>>> print(open('entry15.txt').read())   # compact mmCIF, C-alpha atoms
# COMPACT_ATOMS: atom_id res chain seq x y z
CA ILE E 1 0.00 0.00 0.00
CA ARG E 2 1.35 3.38 -1.01
CA ASN E 3 -0.15 5.79 1.49
CA GLY E 4 1.24 8.83 -0.32
CA ALA E 5 1.61 10.96 2.79
CA VAL E 6 3.85 13.41 0.95
CA ASP E 7 2.73 12.60 -2.55
CA ASN E 8 0.15 13.86 -2.07
CA ALA E 9 -1.92 13.80 1.08
CA THR E 10 -0.12 16.98 2.15
CA GLY E 11 -0.97 18.69 -1.15
CA THR E 12 -4.61 17.67 -0.79
CA ALA E 13 -4.63 19.13 2.73
CA GLU E 14 -3.22 22.38 1.31
CA VAL E 15 -6.01 22.56 -1.22
CA LEU E 16 -8.68 22.01 1.40
CA GLU E 17 -7.22 24.64 3.71
CA ILE E 18 -6.91 27.20 0.90
CA ALA E 19 -10.53 26.53 -0.01
CA ARG E 20 -11.52 26.87 3.64
CA ALA E 21 -9.70 30.20 3.91
CA PHE E 22 -11.50 31.59 0.88
CA ALA E 23 -14.85 30.28 2.09
CA GLN E 24 -14.45 31.87 5.52
CA GLY E 25 -13.05 35.18 4.28
CA PRO E 26 -14.54 38.02 2.26
CA ARG E 27 -16.10 36.91 -1.00
CA PRO E 28 -13.67 37.69 -3.84
CA ALA E 29 -14.71 39.57 -6.95
CA ARG E 30 -14.11 36.50 -9.11
CA THR E 31 -15.52 33.04 -8.49
CA ILE E 32 -13.13 30.34 -7.31
CA VAL E 33 -13.44 26.71 -8.36
CA PHE E 34 -11.37 24.04 -6.62
CA ALA E 35 -10.90 20.67 -8.30
CA ALA E 36 -8.77 17.57 -7.87
CA TRP E 37 -7.44 16.03 -11.07
CA THR E 38 -6.98 12.33 -11.56
CA ALA E 39 -4.53 10.29 -13.66
CA GLU E 40 -1.84 12.95 -14.08
CA GLU E 41 0.92 10.44 -14.66
CA LYS E 42 -1.27 8.56 -17.10
CA GLY E 43 -1.06 11.59 -19.37
CA LEU E 44 -2.69 14.50 -17.50
CA LEU E 45 -6.02 12.82 -18.19
CA GLY E 46 -8.12 14.54 -15.53
CA ALA E 47 -6.83 18.01 -16.31
CA GLU E 48 -7.15 17.37 -20.05
CA HIS E 49 -10.76 16.35 -19.56
CA TYR E 50 -11.60 19.47 -17.58
CA ALA E 51 -9.81 21.73 -20.07
CA ALA E 52 -11.95 20.18 -22.80
CA ASN E 53 -15.13 20.38 -20.68
CA PRO E 54 -14.72 23.37 -18.33
CA ILE E 55 -17.34 24.58 -15.90
CA TYR E 56 -16.68 28.10 -17.18
CA PRO E 57 -15.37 28.87 -20.68
CA LEU E 58 -11.59 28.98 -20.87
CA ALA E 59 -11.89 32.31 -22.70
CA LYS E 60 -13.10 33.68 -19.36
CA THR E 61 -10.57 31.74 -17.33
CA VAL E 62 -8.14 34.35 -16.10
CA ALA E 63 -5.26 32.21 -14.81
CA VAL E 64 -4.23 28.84 -13.43
CA ILE E 65 -2.18 28.50 -10.25
CA ASN E 66 -0.83 24.99 -9.94
CA LEU E 67 0.57 23.51 -6.74
CA ASP E 68 2.41 20.23 -7.17
CA PRO E 69 4.11 19.82 -3.78
CA HIS E 70 7.18 17.65 -3.54
CA VAL E 71 8.55 17.15 -0.02
CA VAL E 72 7.30 18.15 3.42
CA LEU E 73 9.99 20.67 4.32
CA PRO E 74 10.69 22.90 7.31
CA ALA E 75 10.41 26.68 7.00
CA ALA E 76 12.40 28.11 4.08
CA ARG E 77 13.50 31.46 2.71
CA GLU E 78 11.99 30.91 -0.73
CA VAL E 79 9.51 29.23 -3.00
CA GLU E 80 10.60 27.53 -6.22
CA LEU E 81 9.10 28.59 -9.54
CA ILE E 82 8.53 25.84 -12.09
CA GLY E 83 9.17 26.71 -15.73
CA GLY E 84 9.83 30.42 -15.27
CA GLY E 85 9.94 33.14 -17.90
CA ARG E 86 6.50 32.50 -19.38
CA THR E 87 3.88 34.73 -17.80
CA ASP E 88 3.49 37.97 -15.88
CA LEU E 89 1.88 35.91 -13.13
CA GLU E 90 5.47 35.37 -11.99
CA ALA E 91 5.72 39.01 -10.87
CA ARG E 92 2.51 38.58 -8.92
CA LEU E 93 3.91 35.43 -7.36
CA ALA E 94 6.95 37.39 -6.21
CA GLU E 95 4.66 39.99 -4.64
CA ALA E 96 2.66 37.31 -2.84
CA ALA E 97 5.81 35.60 -1.58
CA ALA E 98 7.21 38.91 -0.38
CA THR E 99 4.25 39.33 1.97
CA LEU E 100 5.72 36.36 3.87
CA GLY E 101 9.29 37.58 3.55
CA LEU E 102 10.06 34.94 0.92
CA ARG E 103 11.84 35.24 -2.42
CA VAL E 104 11.09 33.32 -5.60
CA THR E 105 13.90 31.22 -7.10
CA PRO E 106 13.94 29.15 -10.28
CA GLU E 107 13.61 25.39 -10.01
CA PRO E 108 17.07 23.79 -9.79
CA ASN E 109 16.58 21.29 -12.63
CA PRO E 110 14.45 22.75 -15.45
CA GLU E 111 15.76 20.05 -17.78
CA ALA E 112 13.32 17.66 -16.08
CA GLY E 113 10.52 19.51 -17.90
CA TRP E 114 8.10 19.67 -14.98
CA TYR E 115 6.23 22.58 -16.55
CA PHE E 116 5.09 20.24 -19.31
CA ARG E 117 4.32 17.30 -17.00
CA SER E 118 1.88 18.74 -14.50
CA ASP E 119 -1.81 19.55 -14.50
CA HIS E 120 -1.63 23.23 -15.38
CA PHE E 121 -0.18 22.37 -18.80
CA PRO E 122 -3.47 21.45 -20.55
CA PHE E 123 -4.68 24.95 -19.65
CA ALA E 124 -1.49 26.60 -20.89
CA ARG E 125 -1.80 24.82 -24.21
CA LYS E 126 -5.30 26.27 -24.55
CA GLY E 127 -3.96 29.75 -23.86
CA VAL E 128 -4.79 30.24 -20.19
CA PRO E 129 -1.84 31.81 -18.31
CA ALA E 130 -0.60 29.15 -15.90
CA ILE E 131 1.96 29.16 -13.12
CA ALA E 132 3.36 26.41 -10.93
CA PHE E 133 5.54 26.63 -7.82
CA ARG E 134 6.43 24.71 -4.69
CA ALA E 135 8.04 25.12 -1.28
CA GLY E 136 11.69 26.10 -1.46
CA ARG E 137 14.65 24.18 -0.12
CA ASP E 138 16.80 27.05 1.20
CA LEU E 139 15.81 26.23 4.77
CA MET E 140 15.89 28.66 7.65
CA ASP E 141 17.81 26.02 9.56
CA GLY E 142 20.65 24.60 7.48
CA GLY E 143 20.16 26.43 4.18
CA THR E 144 20.06 24.82 0.75
CA ALA E 145 22.41 22.01 1.74
CA ALA E 146 19.97 20.80 4.39
CA GLY E 147 17.01 21.17 2.03
CA ASN E 148 18.74 19.18 -0.70
CA VAL E 149 19.44 16.37 1.75
CA LEU E 150 15.73 16.06 2.55
CA VAL E 151 14.66 16.23 -1.09
CA GLU E 152 17.27 13.72 -2.25
CA ARG E 153 16.43 11.34 0.59
CA TYR E 154 12.76 11.42 -0.32
CA ASN E 155 13.47 10.88 -4.03
CA ALA E 156 15.80 7.98 -3.33
CA HIS E 157 13.73 6.12 -0.76
CA ASP E 158 10.10 7.26 -0.62
CA TYR E 159 8.91 8.64 -3.96
CA HIS E 160 6.00 6.44 -5.07
CA GLN E 161 6.98 3.83 -2.50
CA THR E 162 5.26 2.23 0.48
CA THR E 163 7.58 4.26 2.71
CA ASP E 164 5.85 7.52 1.78
CA ALA E 165 4.17 7.58 5.18
CA PHE E 166 3.29 10.21 7.77
CA ASP E 167 6.09 11.27 10.10
CA PRO E 168 5.00 12.72 13.47
CA ALA E 169 8.17 14.86 13.43
CA TRP E 170 6.91 16.96 10.49
CA THR E 171 6.24 20.58 11.38
CA PHE E 172 4.54 21.41 8.04
CA ALA E 173 6.16 24.85 8.18
CA GLY E 174 7.16 24.76 4.52
CA THR E 175 3.75 23.40 3.57
CA VAL E 176 2.09 26.35 5.32
CA GLN E 177 4.38 28.76 3.46
CA GLU E 178 3.49 27.21 0.11
CA ALA E 179 -0.24 27.21 0.80
CA THR E 180 -0.19 30.77 2.12
CA VAL E 181 1.63 32.08 -0.94
CA ALA E 182 -0.92 30.28 -3.13
CA TYR E 183 -3.75 31.86 -1.17
CA GLU E 184 -2.27 35.36 -1.41
CA LEU E 185 -1.60 35.00 -5.14
CA GLY E 186 -5.08 33.60 -5.72
CA ARG E 187 -6.66 36.37 -3.69
CA ALA E 188 -4.81 39.05 -5.67
CA VAL E 189 -5.91 37.57 -8.98
CA ALA E 190 -9.46 36.93 -7.75
CA ASN E 191 -9.90 40.52 -6.62
CA GLY E 192 -8.13 42.13 -9.55
CA ALA E 193 -9.65 43.58 -12.69
CA SER E 194 -6.65 42.95 -14.97
CA TRP E 195 -5.99 39.85 -17.04
CA PRO E 196 -2.65 38.06 -16.60
CA GLY E 197 -0.87 37.44 -19.88
CA TRP E 198 1.90 35.48 -21.53
CA ASN E 199 5.33 36.99 -22.03
CA PRO E 200 6.23 38.05 -25.59
CA GLY E 201 7.32 35.11 -27.70
CA VAL E 202 5.62 32.44 -25.57
CA GLU E 203 3.67 30.26 -27.99
CA TYR E 204 0.57 30.00 -25.79
CA GLY E 205 0.03 33.72 -26.17
CA THR E 206 -1.10 33.16 -29.74
CA VAL E 207 -3.78 30.77 -28.56
CA ARG E 208 -4.90 33.25 -25.94
CA ALA E 209 -5.09 36.07 -28.47
CA ALA E 210 -7.34 33.94 -30.65
CA SER E 211 -10.03 34.02 -27.97
CA ALA E 212 -9.93 37.79 -28.55
CA THR E 213 -12.80 39.02 -26.37
CA LEU E 214 -11.18 38.82 -22.94
CA PRO E 215 -11.62 42.13 -21.10
CA ALA E 216 -14.76 43.11 -22.99
CA ALA E 217 -16.64 39.84 -22.82
CA SER E 218 -20.02 39.97 -24.53
CA GLU E 219 -23.24 39.30 -22.67
CA ALA E 220 -23.57 36.12 -24.72
CA THR E 221 -20.22 34.90 -23.42
CA ILE E 222 -21.17 35.85 -19.87
CA ALA E 223 -24.42 33.95 -20.24
CA GLN E 224 -22.49 30.84 -21.25
CA ALA E 225 -20.73 30.94 -17.88
CA GLY E 226 -24.09 31.19 -16.11
CA ASP E 227 -25.32 33.45 -13.34
CA THR E 228 -27.50 31.06 -11.40
CA GLY E 229 -25.03 28.60 -9.90
CA PRO E 230 -23.07 29.06 -6.68
CA ARG E 231 -20.31 31.67 -6.91
CA ALA E 232 -17.78 29.29 -5.45
CA LYS E 233 -17.69 25.57 -6.09
CA ALA E 234 -15.49 22.92 -4.52
CA ARG E 235 -14.91 19.49 -5.97
CA VAL E 236 -12.53 16.71 -5.11
CA ALA E 237 -12.27 13.84 -7.58
CA SER E 238 -10.21 11.05 -6.13
CA THR E 239 -8.95 7.71 -7.36
CA THR E 240 -5.57 6.18 -6.66
CA SER E 241 -4.16 9.52 -7.74
CA THR E 242 -5.55 13.02 -7.51
CA ARG E 243 -4.63 16.46 -8.75
CA TYR E 244 -5.95 19.70 -7.36
CA THR E 245 -7.00 22.80 -9.24
CA ALA E 246 -8.84 25.83 -8.05
CA GLU E 247 -10.42 28.25 -10.47
CA ILE E 248 -11.39 31.80 -9.70
CA ALA E 249 -14.12 33.26 -11.89
CA LYS E 250 -16.72 35.97 -11.96
CA PRO E 251 -19.24 34.80 -14.54
CA SER E 252 -21.57 37.72 -13.90
CA SER E 253 -19.12 40.40 -15.09
CA SER E 254 -16.43 40.99 -17.65
CA HIS E 255 -13.76 40.30 -15.03
CA GLY E 256 -13.62 36.69 -16.13
CA VAL E 257 -12.45 33.53 -14.42
CA ALA E 258 -9.14 33.24 -12.62
CA PRO E 259 -8.32 29.55 -12.19
CA MET E 260 -5.92 28.44 -9.54
CA ALA E 261 -4.54 24.99 -9.82
CA ALA E 262 -2.69 22.90 -7.38
CA CYS E 263 -1.90 19.28 -7.93
CA THR E 264 -1.47 16.19 -5.93
CA THR E 265 0.47 13.36 -7.47
CA PRO E 266 -0.61 9.87 -8.41
CA MET E 267 0.75 6.87 -6.61
CA THR E 268 1.75 4.95 -9.70
CA PRO E 269 5.32 3.70 -9.20
CA SER E 270 7.84 5.75 -11.14
CA THR E 271 11.59 5.84 -11.43
CA THR E 272 11.73 9.54 -12.38
CA PRO E 273 12.48 11.74 -9.36
CA ARG E 274 10.20 14.71 -8.88
CA ASN E 275 12.87 17.25 -7.99
>>> encode(input="entry15.txt", output="structure tokens")
Amino acid sequence: IRNGAVDNATGTAEVLEIARAFAQGPRPARTIVFAAWTAEEKGLLGAEHYAANPIYPLAKTVAVINLDPHVVLPAAREVELIGGGRTDLEARLAEAAATLGLRVTPEPNPEAGWYFRSDHFPFARKGVPAIAFRAGRDLMDGGTAAGNVLVERYNAHDYHQTTDAFDPAWTFAGTVQEATVAYELGRAVANGASWPGWNPGVEYGTVRAASATLPAASEATIAQAGDTGPRAKARVASTTSTRYTAEIAKPSSSHGVAPMAACTTPMTPSTTPRN
């Protein structure tokens, strides 16, 4: 039995707590949809299905924030950006991180191609600005060397193994940092009137431009999103693997939808380390 305590019971807990924080706080200007994707390592199947059959049209989906946590780490000085250089959401991420005194650093091994292997990618391919990040490994106690030891130990011994089990010694300090940054970024996007975009030269920008009507959405487009349903919806779809996504949308105005996405990872055995 692969309990998946790190990969990804902790990520699922993050999603639930972020949803709880939004539900208990002031209602944002844009609707938020939380979802858990299935079968990511089978080919992003759950996220692909949603992107092809969204609750709200992707033309009114403002952004995707994807959390694909890796290791339960102690408190750090940073969060790690996955696949940087693509969208102006990265500047907003830096602002959100700064509210916690954290910096944003690039992932240490971009050659692994994680940007293309996680559940935000089906949205990016359809033109929706998407960003992914995770807790950093420059730890308050021990620095990057200590963080690398924890990450490498997990990859070598626990990733997709039966040993991925809960440890009572975990403080979840890094997990709280990651979730809080996601909440602050999501809140900024959900309460903003602007539309995040792709950086010049990023191929997904062409797809986004083709949807054309973003800030001045027509009443017909708004009607497609629907005014009668709940303003915030929460779903968790779970099998042996789950992925989490939250969307933020305001179907009753031209503000559009701002999706946030966070992922949990499937428990299918794999030999490819996550970090």
>>> closest_atom_pairs(input="entry15.txt", of="stretch 120-180 of chain E", to="stretch 34-41 of chain E", cutoff="12 Å", atoms="only C-alpha atoms", output="tab-separated table")
residue	atom	partner	partner_atom	distance
E:His120	CA	E:Trp37	CA	10.2
E:Phe121	CA	E:Glu40	CA	10.7
E:Pro122	CA	E:Glu40	CA	10.8
E:His160	CA	E:Glu41	CA	11.6
>>> closest_atom_pairs(input="entry15.txt", of="stretch 14-50 of chain E", to="stretch 59-83 of chain E", cutoff="10 Å", atoms="all atoms listed in the file", output="Markdown table")
| residue | atom | partner | partner_atom | distance |
| --- | --- | --- | --- | --- |
| E:Glu14 | CA | E:Leu67 | CA | 9.0 |
| E:Val15 | CA | E:Leu67 | CA | 8.6 |
| E:Arg30 | CA | E:Val62 | CA | 9.4 |
>>> atom_distance(input="entry15.txt", atom1="atom CA of E:Arg208", atom2="atom CA of E:Leu58")
9.4 Å
>>> residues_around(input="entry15.txt", residues="E:Arg125", least_positions_apart="5", cutoff="12 Å", atoms="all atoms listed in the file", output="NGL selection string")
:E and (47-48 or 51-52 or 58 or 64 or 115-116 or 119-120 or 130 or 198 or 202-208)
>>> residues_around(input="entry15.txt", residues="stretch 105-112 of chain E", least_positions_apart="5", cutoff="12 Å", atoms="all atoms listed in the file", output="VMD selection string")
chain E and resid 70 76 to 85 90 to 91 93 to 94 97 117 to 118 132 to 138 144 148 151 272 to 275
>>> atom_distance(input="entry15.txt", atom1="atom CA of E:Leu89", atom2="atom CA of E:Val181")
12.8 Å
>>> atom_distance(input="entry15.txt", atom1="atom CA of E:Ala96", atom2="atom CA of E:Ala188")
8.2 Å
>>> residues_near_point(input="entry15.txt", point="(-3.2, 7.9, 6.6)", cutoff="9 Å", atoms="all atoms listed in the file", output="CSV table (one decimal) with C-alpha atoms, in the frame of the given file")
chain,number,residue,atom,x,y,z
E,3,ASN,CA,-0.2,5.8,1.5
E,4,GLY,CA,1.2,8.8,-0.3
E,5,ALA,CA,1.6,11.0,2.8
E,9,ALA,CA,-1.9,13.8,1.1
E,165,ALA,CA,4.2,7.6,5.2
E,166,PHE,CA,3.3,10.2,7.8
>>> closest_residue(input="entry15.txt", among="E:Gly101, E:Pro168, E:Gly43, E:Pro129", to="E:Thr87", atoms="only C-alpha atoms")
E:Pro129
>>> closest_residue(input="entry15.txt", among="E:Arg27, E:Arg187, E:Arg20, E:Lys126", to="E:Ala209", atoms="all atoms listed in the file")
E:Lys126
>>> axis_aligned_box(input="entry15.txt", around="stretch 197-201 of chain E", padding_each_side="6 Å", output="JSON")
{"center_x": 3.2, "center_y": 36.6, "center_z": -23.8, "size_x": 20.2, "size_y": 14.9, "size_z": 19.8}
>>> closest_residue(input="entry15.txt", among="E:Glu178, E:Val33, E:Ala23, E:Arg2", to="E:Val104", atoms="all atoms listed in the file")
E:Glu178
